[in-house]
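Trainee: So here's model-v9.txt, just compact mmCIF, C-alpha atoms (C1' of nucleotides):
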# COMPACT_ATOMS: atom_id res chain seq x y z
CA MET A 1 71.74 143.10 126.82
CA ALA A 2 70.86 145.25 123.85
CA VAL A 3 68.27 142.95 122.45
CA SER A 4 66.20 144.99 120.07
CA LYS A 5 67.52 147.77 117.85
CA SER A 6 70.56 146.87 115.80
CA LYS A 7 70.88 143.41 117.19
CA ALA A 8 74.14 143.01 115.40
CA MET A 9 76.43 142.24 118.30
CA ALA A 10 74.83 141.22 121.57
CA GLU A 11 72.38 139.19 119.57
CA GLU A 12 69.54 137.14 120.89
CA PRO A 13 71.12 134.88 123.41
CA ASN A 14 73.14 132.39 121.42
CA ARG A 15 73.17 129.56 123.90
CA ARG A 16 75.21 127.27 121.72
CA ALA A 17 78.00 129.81 121.53
CA ASP A 18 77.76 130.29 125.28
CA ILE A 19 78.28 126.61 125.79
CA VAL A 20 81.27 126.52 123.48
CA ARG A 21 82.87 129.44 125.28
CA ALA A 22 82.25 127.97 128.73
CA ALA A 23 83.47 124.57 127.59
CA GLY A 24 86.64 126.09 126.18
CA GLN A 25 87.37 127.84 129.43
CA LEU A 26 86.76 124.76 131.52
CA PHE A 27 88.60 122.36 129.21
CA HIS A 28 91.58 124.68 129.39
CA GLU A 29 91.42 125.04 133.17
CA LYS A 30 90.68 121.48 134.20
CA GLY A 31 91.36 119.43 131.12
CA TYR A 32 88.78 117.59 129.05
CA PRO A 33 88.38 114.51 131.23
CA GLY A 34 88.42 116.68 134.33
CA THR A 35 85.50 118.77 133.12
CA THR A 36 81.98 117.49 133.63
CA ILE A 37 78.87 118.26 131.70
CA ARG A 38 77.50 119.62 134.95
CA ASP A 39 80.41 122.07 135.13
CA ILE A 40 79.62 123.36 131.69
CA ALA A 41 75.89 123.49 132.26
CA GLY A 42 76.40 125.32 135.52
CA ALA A 43 78.67 127.88 133.91
CA VAL A 44 75.93 128.93 131.52
CA GLY A 45 73.06 128.59 133.98
CA MET A 46 71.59 125.37 132.69
CA ARG A 47 70.64 122.06 134.26
CA SER A 48 72.83 119.08 133.63
CA GLY A 49 70.78 117.54 130.86
CA SER A 50 70.33 120.66 128.79
CA PRO A 51 73.64 120.99 126.98
CA PHE A 52 72.66 117.82 125.15
CA TYR A 53 69.93 119.77 123.47
CA HIS A 54 72.73 121.63 121.65
CA PHE A 55 75.36 118.91 121.36
CA LYS A 56 74.96 115.20 121.00
CA THR A 57 77.97 114.29 123.11
CA LYS A 58 80.72 115.77 125.22
CA GLN A 59 83.10 114.85 122.42
CA ASP A 60 81.18 117.09 120.08
CA MET A 61 81.64 119.99 122.47
CA LEU A 62 85.38 119.44 122.44
CA GLY A 63 85.28 119.24 118.66
CA ALA A 64 83.44 122.54 118.42
CA VAL A 65 85.91 124.29 120.73
CA VAL A 66 88.96 122.96 118.95
CA LEU A 67 87.69 123.65 115.45
CA GLU A 68 86.68 127.16 116.39
CA GLY A 69 90.11 127.75 117.90
CA MET A 70 91.84 126.41 114.83
CA GLN A 71 89.84 128.56 112.50
CA ALA A 72 90.33 131.70 114.54
CA ILE A 73 94.08 131.40 114.91
CA HIS A 74 94.56 130.50 111.27
CA GLU A 75 92.52 133.43 110.11
CA ALA A 76 94.35 135.88 112.36
CA VAL A 77 97.82 134.72 111.41
CA ALA A 78 97.00 134.45 107.71
CA LYS A 79 95.87 138.04 107.73
CA ALA A 80 99.14 139.10 109.36
CA ALA A 81 101.13 137.03 106.90
CA ALA A 82 99.48 138.78 103.98
CA SER A 83 100.06 142.28 105.28
CA GLY A 84 102.76 142.96 102.72
CA LYS A 85 105.27 144.45 105.12
CA SER A 86 108.94 143.63 105.39
CA PRO A 87 109.86 140.08 106.37
CA ARG A 88 110.68 141.10 109.90
CA ALA A 89 107.56 143.23 110.36
CA THR A 90 105.43 140.50 108.86
CA PHE A 91 106.97 137.93 111.17
CA GLU A 92 106.37 140.11 114.18
CA ALA A 93 102.76 140.66 113.15
CA MET A 94 102.29 136.91 112.85
CA LEU A 95 103.76 136.35 116.30
CA LEU A 96 101.43 138.94 117.73
CA ALA A 97 98.41 137.43 116.01
CA HIS A 98 99.20 133.96 117.32
CA LEU A 99 99.84 135.17 120.85
CA ASP A 100 96.77 137.31 120.82
CA GLN A 101 94.57 134.35 119.95
CA LEU A 102 96.29 132.25 122.55
CA LEU A 103 96.45 134.74 125.39
CA GLY A 104 94.01 137.49 124.48
CA GLU A 105 90.54 137.86 125.80
CA GLU A 106 88.67 136.70 122.76
CA GLY A 107 89.43 133.23 121.56
CA GLN A 108 91.64 132.64 124.57
CA ASP A 109 90.54 129.25 125.64
CA PHE A 110 89.70 127.96 122.20
CA ALA A 111 93.28 128.04 121.03
CA ALA A 112 94.65 126.89 124.37
CA THR A 113 92.27 123.93 124.36
CA LEU A 114 93.28 123.19 120.80
CA LEU A 115 96.92 122.96 121.82
CA HIS A 116 96.55 120.94 124.96
CA GLU A 117 93.43 118.82 124.71
CA SER A 118 93.50 117.69 121.10
CA ARG A 119 94.73 114.26 122.11
CA HIS A 120 91.31 113.60 123.62
CA LEU A 121 89.56 114.06 120.31
CA ASP A 122 88.04 111.01 118.74
CA SER A 123 89.29 109.98 115.34
CA LYS A 124 86.78 111.81 113.21
CA VAL A 125 87.40 115.39 114.33
CA SER A 126 91.00 114.54 115.04
CA ALA A 127 91.69 113.81 111.38
CA GLU A 128 90.20 117.12 110.39
CA VAL A 129 92.30 118.96 112.94
CA VAL A 130 95.49 117.33 111.70
CA ILE A 131 94.84 118.63 108.21
CA LEU A 132 94.13 122.14 109.42
CA LYS A 133 97.19 122.08 111.61
CA ASP A 134 99.44 121.07 108.72
CA ARG A 135 98.09 123.93 106.70
CA TYR A 136 98.69 126.28 109.60
CA GLU A 137 102.25 125.17 110.14
CA LEU A 138 102.99 125.66 106.46
CA MET A 139 102.37 129.36 106.88
CA TRP A 140 105.03 129.50 109.56
CA GLN A 141 107.46 127.46 107.54
CA LYS A 142 107.09 129.93 104.73
CA ALA A 143 107.62 132.84 107.09
CA LEU A 144 110.89 131.30 108.26
CA LYS A 145 111.96 130.75 104.68
CA ASP A 146 111.38 134.41 103.92
CA LEU A 147 113.39 135.44 106.96
CA LYS A 148 116.27 133.27 105.93
CA ARG A 149 116.19 134.54 102.38
CA ALA A 150 116.38 138.04 103.80
CA GLY A 151 119.43 137.00 105.79
CA LEU A 152 117.74 137.49 109.14
CA ILE A 153 117.97 133.94 110.45
CA GLU A 154 120.20 130.99 109.71
CA ASP A 155 117.94 128.05 110.33
CA ASP A 156 114.55 127.69 108.64
CA SER A 157 114.24 123.93 109.07
CA THR A 158 111.25 122.02 110.32
CA VAL A 159 112.84 121.66 113.73
CA ALA A 160 113.45 125.40 113.91
CA ARG A 161 109.75 125.91 113.28
CA LEU A 162 108.97 123.50 116.10
CA PHE A 163 111.27 125.45 118.39
CA LEU A 164 109.36 128.57 117.46
CA MET A 165 106.02 126.90 118.10
CA GLY A 166 107.33 125.83 121.50
CA MET A 167 108.22 129.36 122.49
CA LEU A 168 104.86 130.62 121.33
CA ASN A 169 102.68 127.93 122.80
CA TRP A 170 104.50 127.63 126.08
CA THR A 171 103.47 131.20 126.91
CA VAL A 172 100.16 129.73 128.01
CA GLN A 173 102.01 128.26 130.97
CA TRP A 174 103.44 131.50 132.28
CA TYR A 175 101.71 134.53 130.79
CA ARG A 176 99.46 136.44 133.18
CA PRO A 177 97.22 139.25 131.94
CA ASP A 178 98.12 141.25 135.02
CA GLY A 179 101.83 140.62 134.67
CA SER A 180 104.48 143.13 133.73
CA LYS A 181 104.58 142.27 130.04
CA SER A 182 101.91 142.93 127.45
CA VAL A 183 101.24 140.47 124.66
CA ALA A 184 102.69 142.96 122.19
CA GLN A 185 105.86 143.28 124.22
CA ILE A 186 106.28 139.55 124.31
CA ALA A 187 105.83 139.34 120.55
CA ARG A 188 108.49 141.99 120.03
CA GLN A 189 110.91 140.35 122.40
CA LEU A 190 110.39 137.01 120.74
CA ALA A 191 111.15 138.50 117.35
CA SER A 192 114.38 139.94 118.71
CA PHE A 193 115.24 136.68 120.36
CA VAL A 194 114.92 134.79 117.10
CA ILE A 195 116.28 137.38 114.70
CA GLY A 196 118.64 139.35 116.87
CA ASN A 197 118.93 143.05 116.66
CA ARG A 198 120.95 143.45 113.49
CA ALA A 199 118.04 144.85 111.53
CA ARG A 200 116.56 146.77 114.44
CA ALA A 201 115.31 150.18 113.44
CA MET B 202 118.25 102.10 148.26
CA ALA B 203 120.98 99.49 148.03
CA VAL B 204 119.23 96.98 150.15
CA SER B 205 121.39 93.96 150.69
CA LYS B 206 124.46 93.19 148.74
CA SER B 207 124.74 92.78 145.04
CA LYS B 208 121.13 92.26 144.08
CA ALA B 209 121.40 95.86 143.09
CA MET B 210 119.40 96.02 139.87
CA ALA B 211 116.65 93.52 139.25
CA GLU B 212 115.80 93.71 142.92
CA GLU B 213 112.98 91.94 144.60
CA PRO B 214 109.93 93.21 142.79
CA ASN B 215 109.50 96.79 143.90
CA ARG B 216 105.79 97.12 143.38
CA ARG B 217 105.61 100.69 144.56
CA ALA B 218 108.12 101.76 141.93
CA ASP B 219 106.18 99.77 139.35
CA ILE B 220 103.06 101.68 140.21
CA VAL B 221 104.81 105.02 139.97
CA ARG B 222 106.22 104.14 136.58
CA ALA B 223 102.88 102.92 135.24
CA ALA B 224 101.09 105.93 136.68
CA GLY B 225 103.58 108.29 135.05
CA GLN B 226 103.08 106.69 131.70
CA LEU B 227 99.31 106.77 131.95
CA PHE B 228 99.10 110.29 133.36
CA HIS B 229 101.21 111.45 130.47
CA GLU B 230 99.18 109.59 127.87
CA LYS B 231 95.67 110.23 129.10
CA GLY B 232 96.02 113.01 131.62
CA TYR B 233 95.50 112.71 135.35
CA PRO B 234 91.70 112.90 135.41
CA GLY B 235 91.51 110.63 132.39
CA THR B 236 93.47 107.90 134.11
CA THR B 237 91.68 105.55 136.46
CA ILE B 238 93.03 103.55 139.34
CA ARG B 239 91.90 100.52 137.43
CA ASP B 240 94.11 101.55 134.50
CA ILE B 241 97.11 101.77 136.76
CA ALA B 242 96.34 98.58 138.61
CA GLY B 243 95.84 96.75 135.33
CA ALA B 244 99.15 98.00 133.98
CA VAL B 245 101.04 96.35 136.82
CA GLY B 246 98.85 93.25 137.06
CA MET B 247 96.95 94.16 140.19
CA ARG B 248 93.27 94.32 141.08
CA SER B 249 91.63 97.67 141.41
CA GLY B 250 91.85 97.96 145.18
CA SER B 251 95.47 97.01 145.54
CA PRO B 252 97.29 100.19 144.58
CA PHE B 253 95.80 101.68 147.73
CA TYR B 254 97.97 99.35 149.72
CA HIS B 255 100.92 101.42 148.46
CA PHE B 256 99.34 104.86 148.18
CA LYS B 257 96.60 106.41 150.21
CA THR B 258 95.02 108.31 147.33
CA LYS B 259 95.28 108.88 143.60
CA GLN B 260 96.59 112.33 144.42
CA ASP B 261 99.50 110.77 146.25
CA MET B 262 100.38 108.78 143.16
CA LEU B 263 100.49 111.96 141.12
CA GLY B 264 102.62 113.56 143.80
CA ALA B 265 105.08 110.69 143.73
CA VAL B 266 105.40 110.85 139.95
CA VAL B 267 105.86 114.58 139.83
CA LEU B 268 108.35 114.72 142.69
CA GLU B 269 110.36 111.92 141.20
CA GLY B 270 110.40 113.69 137.85
CA MET B 271 111.45 116.95 139.44
CA GLN B 272 114.27 115.36 141.34
CA ALA B 273 115.56 113.43 138.35
CA ILE B 274 115.63 116.35 135.95
CA HIS B 275 117.19 118.64 138.51
CA GLU B 276 119.91 116.19 139.29
CA ALA B 277 120.72 115.54 135.65
CA VAL B 278 120.89 119.19 134.66
CA ALA B 279 122.81 120.22 137.78
CA LYS B 280 125.44 117.68 136.95
CA ALA B 281 125.74 119.05 133.42
CA ALA B 282 125.90 122.60 134.74
CA ALA B 283 128.80 121.71 136.98
CA SER B 284 130.83 120.01 134.29
CA GLY B 285 133.27 122.89 134.09
CA LYS B 286 133.35 123.15 130.33
CA SER B 287 133.06 126.28 128.25
CA PRO B 288 129.80 128.24 128.51
CA ARG B 289 128.60 126.92 125.20
CA ALA B 290 129.52 123.31 125.89
CA THR B 291 128.00 123.53 129.35
CA PHE B 292 124.82 124.97 127.92
CA GLU B 293 124.62 122.23 125.33
CA ALA B 294 125.17 119.59 128.01
CA MET B 295 122.34 121.07 130.05
CA LEU B 296 120.02 121.05 127.05
CA LEU B 297 120.86 117.43 126.43
CA ALA B 298 120.29 116.49 130.06
CA HIS B 299 116.89 118.17 130.15
CA LEU B 300 115.79 116.63 126.87
CA ASP B 301 117.06 113.25 127.87
CA GLN B 302 114.95 113.26 131.01
CA LEU B 303 111.97 114.50 129.08
CA LEU B 304 112.24 112.28 126.02
CA GLY B 305 114.58 109.49 126.97
CA GLU B 306 113.57 106.05 128.04
CA GLU B 307 114.25 106.38 131.71
CA GLY B 308 112.38 109.09 133.48
CA GLN B 309 110.38 109.82 130.36
CA ASP B 310 106.92 110.11 131.74
CA PHE B 311 107.90 111.49 135.11
CA ALA B 312 109.17 114.72 133.69
CA ALA B 313 106.43 114.93 131.07
CA THR B 314 103.79 114.45 133.75
CA LEU B 315 105.50 117.06 135.84
CA LEU B 316 105.23 119.58 133.05
CA HIS B 317 101.70 118.93 131.98
CA GLU B 318 99.75 117.59 134.93
CA SER B 319 101.07 119.67 137.80
CA ARG B 320 97.94 121.79 137.81
CA HIS B 321 96.03 118.80 139.13
CA LEU B 322 98.16 118.61 142.24
CA ASP B 323 96.52 119.50 145.50
CA SER B 324 97.95 122.36 147.47
CA LYS B 325 100.33 120.45 149.68
CA VAL B 326 102.52 118.80 147.06
CA SER B 327 101.94 121.71 144.75
CA ALA B 328 103.68 124.11 147.11
CA GLU B 329 106.66 121.81 147.31
CA VAL B 330 106.84 121.54 143.54
CA VAL B 331 106.77 125.29 143.12
CA ILE B 332 109.81 125.65 145.33
CA LEU B 333 111.72 122.96 143.48
CA LYS B 334 110.78 124.48 140.16
CA ASP B 335 112.06 127.90 141.16
CA ARG B 336 115.34 126.36 142.17
CA TYR B 337 115.50 124.53 138.86
CA GLU B 338 114.81 127.61 136.82
CA LEU B 339 117.50 129.50 138.63
CA MET B 340 120.06 127.13 137.20
CA TRP B 341 118.93 128.02 133.72
CA GLN B 342 118.88 131.70 134.45
CA LYS B 343 122.48 131.44 135.53
CA ALA B 344 123.40 129.52 132.40
CA LEU B 345 121.93 132.30 130.28
CA LYS B 346 123.81 134.90 132.27
CA ASP B 347 127.07 133.06 131.61
CA LEU B 348 126.31 132.88 127.91
CA LYS B 349 125.63 136.58 127.76
CA ARG B 350 128.77 137.41 129.68
CA ALA B 351 130.69 135.35 127.14
CA GLY B 352 129.08 137.39 124.39
CA LEU B 353 127.20 134.44 122.94
CA ILE B 354 123.65 135.71 123.40
CA GLU B 355 122.11 139.13 123.75
CA ASP B 356 119.10 138.46 125.95
CA ASP B 357 119.37 136.69 129.29
CA SER B 358 116.13 138.01 130.77
CA THR B 359 113.47 136.02 132.53
CA VAL B 360 111.33 136.01 129.43
CA ALA B 361 114.24 134.70 127.38
CA ARG B 362 114.51 131.83 129.82
CA LEU B 363 110.81 131.14 129.40
CA PHE B 364 111.26 131.10 125.63
CA LEU B 365 114.00 128.54 126.13
CA MET B 366 111.83 126.42 128.41
CA GLY B 367 109.13 126.53 125.77
CA MET B 368 111.41 125.20 123.08
CA LEU B 369 112.63 122.46 125.38
CA ASN B 370 109.33 121.39 126.83
CA TRP B 371 107.36 121.58 123.63
CA THR B 372 109.50 118.78 122.20
CA VAL B 373 107.23 116.40 124.10
CA GLN B 374 104.54 117.30 121.57
CA TRP B 375 106.47 116.36 118.48
CA TYR B 376 109.51 114.24 119.26
CA ARG B 377 109.24 110.61 118.21
CA PRO B 378 111.87 108.07 119.23
CA ASP B 379 111.73 106.55 115.78
CA GLY B 380 111.94 109.89 114.02
CA SER B 381 114.84 111.20 112.01
CA LYS B 382 116.44 113.23 114.81
CA SER B 383 118.13 111.92 117.90
CA VAL B 384 117.82 113.69 121.20
CA ALA B 385 121.47 114.70 120.98
CA GLN B 386 120.93 116.18 117.54
CA ILE B 387 118.01 118.20 118.79
CA ALA B 388 120.07 119.51 121.69
CA ARG B 389 122.82 120.58 119.32
CA GLN B 390 120.44 122.24 116.92
CA LEU B 391 118.77 124.07 119.77
CA ALA B 392 122.09 125.41 120.98
CA SER B 393 122.85 126.68 117.50
CA PHE B 394 119.40 128.18 117.21
CA VAL B 395 119.85 130.16 120.39
CA ILE B 396 123.52 131.03 120.11
CA GLY B 397 124.06 131.09 116.40
CA ASN B 398 127.13 129.68 114.79
CA ARG B 399 129.62 132.42 115.57
CA ALA B 400 131.48 130.31 118.08
CA ARG B 401 131.07 127.07 116.24
CA ALA B 402 134.18 124.97 116.24
C1' DC C 403 65.35 123.70 127.94
C1' DC C 404 63.79 121.19 132.66
C1' DT C 405 62.61 117.02 135.49
C1' DA C 406 63.64 112.76 136.62
C1' DC C 407 66.19 109.17 135.96
C1' DC C 408 69.41 105.18 134.07
C1' DG C 409 73.46 102.06 133.85
C1' DA C 410 78.24 102.43 134.17
C1' DT C 411 82.15 103.70 136.32
C1' DC C 412 84.77 106.13 139.62
C1' DG C 413 87.95 106.58 144.01
C1' DG C 414 88.25 104.40 147.99
C1' DT C 415 87.45 100.92 152.08
C1' DA C 416 86.76 96.69 155.21
C1' DG C 417 88.23 92.50 156.25
C1' DG C 418 90.85 89.04 155.49
C1' DC D 419 97.64 92.06 147.87
C1' DC D 420 92.59 90.06 146.72
C1' DT D 421 87.44 89.90 147.29
C1' DA D 422 83.58 92.24 147.68
C1' DC D 423 81.54 96.18 148.05
C1' DC D 424 80.03 101.33 148.98
C1' DG D 425 78.34 106.05 147.96
C1' DA D 426 79.10 109.47 144.67
C1' DT D 427 79.33 110.99 140.29
C1' DC D 428 79.56 110.51 135.47
C1' DG D 429 77.67 110.97 130.40
C1' DG D 430 73.56 110.57 128.45
C1' DT D 431 68.24 109.85 127.65
C1' DA D 432 62.93 110.02 127.74
C1' DG D 433 59.24 112.68 127.90
C1' DG D 434 57.38 116.67 128.26
Translate the structure of the given file into structure tokens.

Mentor:
Amino acid sequence: MAVSKSKAMAEEPNRRADIVRAAGQLFHEKGYPGTTIRDIAGAVGMRSGSPFYHFKTKQDMLGAVVLEGMQAIHEAVAKAAASGKSPRATFEAMLLAHLDQLLGEEGQDFAATLLHESRHLDSKVSAEVVILKDRYELMWQKALKDLKRAGLIEDDSTVARLFLMGMLNWTVQWYRPDGSKSVAQIARQLASFVIGNRARA
Amino acid sequence: MAVSKSKAMAEEPNRRADIVRAAGQLFHEKGYPGTTIRDIAGAVGMRSGSPFYHFKTKQDMLGAVVLEGMQAIHEAVAKAAASGKSPRATFEAMLLAHLDQLLGEEGQDFAATLLHESRHLDSKVSAEVVILKDRYELMWQKALKDLKRAGLIEDDSTVARLFLMGMLNWTVQWYRPDGSKSVAQIARQLASFVIGNRARA
DNA sequence: CCTACCGATCGGTAGG
DNA sequence: CCTACCGATCGGTAGG
């Protein structure tokens, strides 16, 4: 609650952002149709009619969550992809970035909602998401191509990329923050699983 | 089953089974909370109150779908596991069995609903499903152990099994029956992806 | 952002 | 399995 001084971070209460965060959490937990406006309002201390001051419809809330998740995960992974390290180190950094968005504390539910609730989007936002997703997947396809060129994997096909996405995205189903594995450990193990240990330092 | 004599297949209209099938399809398409009793009733040509002649609650319908899916996929994979072939061939047969249940025409939506809508189960059926799932996953853990013992993979840990489950179960998100890959091709490619081609005939 | 409310739809039931 | 219906809840709105 540092309101005055350098109100850089804990800014004046951004209620819209609060709603998006609460909606993301609830959409992830209970699914989009299983979440009510009253759930969301309650989670941010509002009455049931008030979220509509910030969003026109429930659909728009889903759109905001999904688009925010898409942007965040793309940005994080793109940064890792451009880090200029070796193919293996770059790949591992990308894995970590993706998992961190998906499982970490920050964008957690944005990305998870993106992956599992996108089918409930209406056509307008949906079309936008498809484009962004294609662009995102291209980054991974390129990463696989680099790994193959370096002789670290054998298969850099589209299906191989989908296998990889499956391993990454399925973590949502089993990862627990209080479990025995950290996100970084999982990323490392996944890299080894895909590449093997031939090039292991 | 096997009621009278030879009217084995196109039996007297089994309305309960019709409801389970329709419910599975709809739960998979629109999610459990997004599916209404009226949707299900409509899909089998009933009025909205009639499904309750066969099931006490909507929850019970979900339970029936999920349990049926669990049983079917377990049975199919157990059979493949016991085929007595080489570790690699057995593994590939198990992959195919799992994918066939998940993506094939038969139990299609049962298994898919199982994977994605189980969180909406109430505690009673949920507990039962957890037990069955553990038993199912044990089969896979054993398959990985056999592969490692045969020198075909390096990592047979729990997390490795979860990676594998991710690759398998994520196919629901992208597989299309009219696409360029058959289920059998995907199973084969997945085996190669995990094992590599060292032992390839 | 709240109060007060609307029409629509939901899961489920009684009675046949 | 249908007809007819119930109370509860839903997404959304008007008016302040």

Trainee: In Å, rounded to a single decimal, give me how far atom CA of B:Trp371 is from atom CA of B:Glu338.

Mentor: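 Atom CA of B:Trp371 lies at a distance of 16.3 Å from atom CA of B:Glu338.
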
Trainee: Calculate how many Å separate atom CA of B:Arg248 from atom CA of B:Tyr233, rounding to one decimal.

Mentor: 19.4 Å

Trainee: Select all residues from chain D having any atom no more than 12 Å from an atom of chain A (counting all atoms listed in the file, ignoring ligands), output as a ChimeraX atom specification.

Mentor: /D:427-432

Trainee: Grab the atom CA of B:Leu333 to atom CA of B:His321 distance for me, in Å with one decimal place.

Mentor: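 Between these atoms lies a distance of 16.8 Å.
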
Trainee: Per residue of chain A within 7 Å of chain B, record the nearest atom pair and its distance in Å to one decimal, counting only C-alpha atoms, with rows in chain order and ascending residue number, as JSON lines.

Mentor:
{"residue": "A:Pro33", "atom": "CA", "partner": "B:Gly235", "partner_atom": "CA", "distance": 5.1}
{"residue": "A:Gly34", "atom": "CA", "partner": "B:Pro234", "partner_atom": "CA", "distance": 5.1}
{"residue": "A:Phe163", "atom": "CA", "partner": "B:Met368", "partner_atom": "CA", "distance": 4.7}
{"residue": "A:Leu164", "atom": "CA", "partner": "B:Met368", "partner_atom": "CA", "distance": 6.9}
{"residue": "A:Gly166", "atom": "CA", "partner": "B:Met368", "partner_atom": "CA", "distance": 4.4}
{"residue": "A:Met167", "atom": "CA", "partner": "B:Gly367", "partner_atom": "CA", "distance": 4.4}
{"residue": "A:Trp170", "atom": "CA", "partner": "B:Gly367", "partner_atom": "CA", "distance": 4.8}

Trainee: Output C-alpha atoms for every residue in the selection just made, as a PDB file, in the coordinates of the input.

Mentor:
ATOM      1  CA  PRO A  33      88.380 114.510 131.230  1.00  0.00           C
ATOM      2  CA  GLY A  34      88.420 116.680 134.330  1.00  0.00           C
ATOM      3  CA  PHE A 163     111.270 125.450 118.390  1.00  0.00           C
ATOM      4  CA  LEU A 164     109.360 128.570 117.460  1.00  0.00           C
ATOM      5  CA  GLY A 166     107.330 125.830 121.500  1.00  0.00           C
ATOM      6  CA  MET A 167     108.220 129.360 122.490  1.00  0.00           C
ATOM      7  CA  TRP A 170     104.500 127.630 126.080  1.00  0.00           C
TER       8      TRP A 170
END

Trainee: Using all atoms listed in the file, can you list as a PDB file with C-alpha atoms, in the frame of the given file the residues within 12 Å of (112.0, 109.1, 138.0)?

Mentor:
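As a result, result-v1.pdb now contains:
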ATOM      1  CA  ALA B 218     108.120 101.760 141.930  1.00  0.00           C
ATOM      2  CA  ASP B 219     106.180  99.770 139.350  1.00  0.00           C
ATOM      3  CA  ILE B 220     103.060 101.680 140.210  1.00  0.00           C
ATOM      4  CA  VAL B 221     104.810 105.020 139.970  1.00  0.00           C
ATOM      5  CA  ARG B 222     106.220 104.140 136.580  1.00  0.00           C
ATOM      6  CA  ALA B 223     102.880 102.920 135.240  1.00  0.00           C
ATOM      7  CA  ALA B 224     101.090 105.930 136.680  1.00  0.00           C
ATOM      8  CA  GLY B 225     103.580 108.290 135.050  1.00  0.00           C
ATOM      9  CA  GLN B 226     103.080 106.690 131.700  1.00  0.00           C
ATOM     10  CA  GLY B 264     102.620 113.560 143.800  1.00  0.00           C
ATOM     11  CA  ALA B 265     105.080 110.690 143.730  1.00  0.00           C
ATOM     12  CA  VAL B 266     105.400 110.850 139.950  1.00  0.00           C
ATOM     13  CA  VAL B 267     105.860 114.580 139.830  1.00  0.00           C
ATOM     14  CA  LEU B 268     108.350 114.720 142.690  1.00  0.00           C
ATOM     15  CA  GLU B 269     110.360 111.920 141.200  1.00  0.00           C
ATOM     16  CA  GLY B 270     110.400 113.690 137.850  1.00  0.00           C
ATOM     17  CA  MET B 271     111.450 116.950 139.440  1.00  0.00           C
ATOM     18  CA  GLN B 272     114.270 115.360 141.340  1.00  0.00           C
ATOM     19  CA  ALA B 273     115.560 113.430 138.350  1.00  0.00           C
ATOM     20  CA  ILE B 274     115.630 116.350 135.950  1.00  0.00           C
ATOM     21  CA  HIS B 275     117.190 118.640 138.510  1.00  0.00           C
ATOM     22  CA  GLU B 276     119.910 116.190 139.290  1.00  0.00           C
ATOM     23  CA  ALA B 277     120.720 115.540 135.650  1.00  0.00           C
ATOM     24  CA  GLN B 302     114.950 113.260 131.010  1.00  0.00           C
ATOM     25  CA  LEU B 303     111.970 114.500 129.080  1.00  0.00           C
ATOM     26  CA  GLY B 305     114.580 109.490 126.970  1.00  0.00           C
ATOM     27  CA  GLU B 306     113.570 106.050 128.040  1.00  0.00           C
ATOM     28  CA  GLU B 307     114.250 106.380 131.710  1.00  0.00           C
ATOM     29  CA  GLY B 308     112.380 109.090 133.480  1.00  0.00           C
ATOM     30  CA  GLN B 309     110.380 109.820 130.360  1.00  0.00           C
ATOM     31  CA  ASP B 310     106.920 110.110 131.740  1.00  0.00           C
ATOM     32  CA  PHE B 311     107.900 111.490 135.110  1.00  0.00           C
ATOM     33  CA  ALA B 312     109.170 114.720 133.690  1.00  0.00           C
ATOM     34  CA  ALA B 313     106.430 114.930 131.070  1.00  0.00           C
ATOM     35  CA  THR B 314     103.790 114.450 133.750  1.00  0.00           C
ATOM     36  CA  LEU B 315     105.500 117.060 135.840  1.00  0.00           C
TER      37      LEU B 315
END

Trainee: Can you report as JSON the centre and edge lengths in Å, to one decimal, of an axis-aligned box around the listed atoms of stretch 421-433 of chain D padded with 6 Å on each side?

Mentor:
{"center_x": 73.3, "center_y": 101.3, "center_z": 138.3, "size_x": 40.2, "size_y": 34.8, "size_z": 33.3}

Trainee: Give the answer as one residue: which of B:His229, B:Pro288, B:Ala281, B:Arg217 has the shortest atom-to-atom distance to B:Lys349, using only C-alpha atoms?

Mentor: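 Looking only at the distances to B:Lys349, the closest residue turns out to be B:Pro288.
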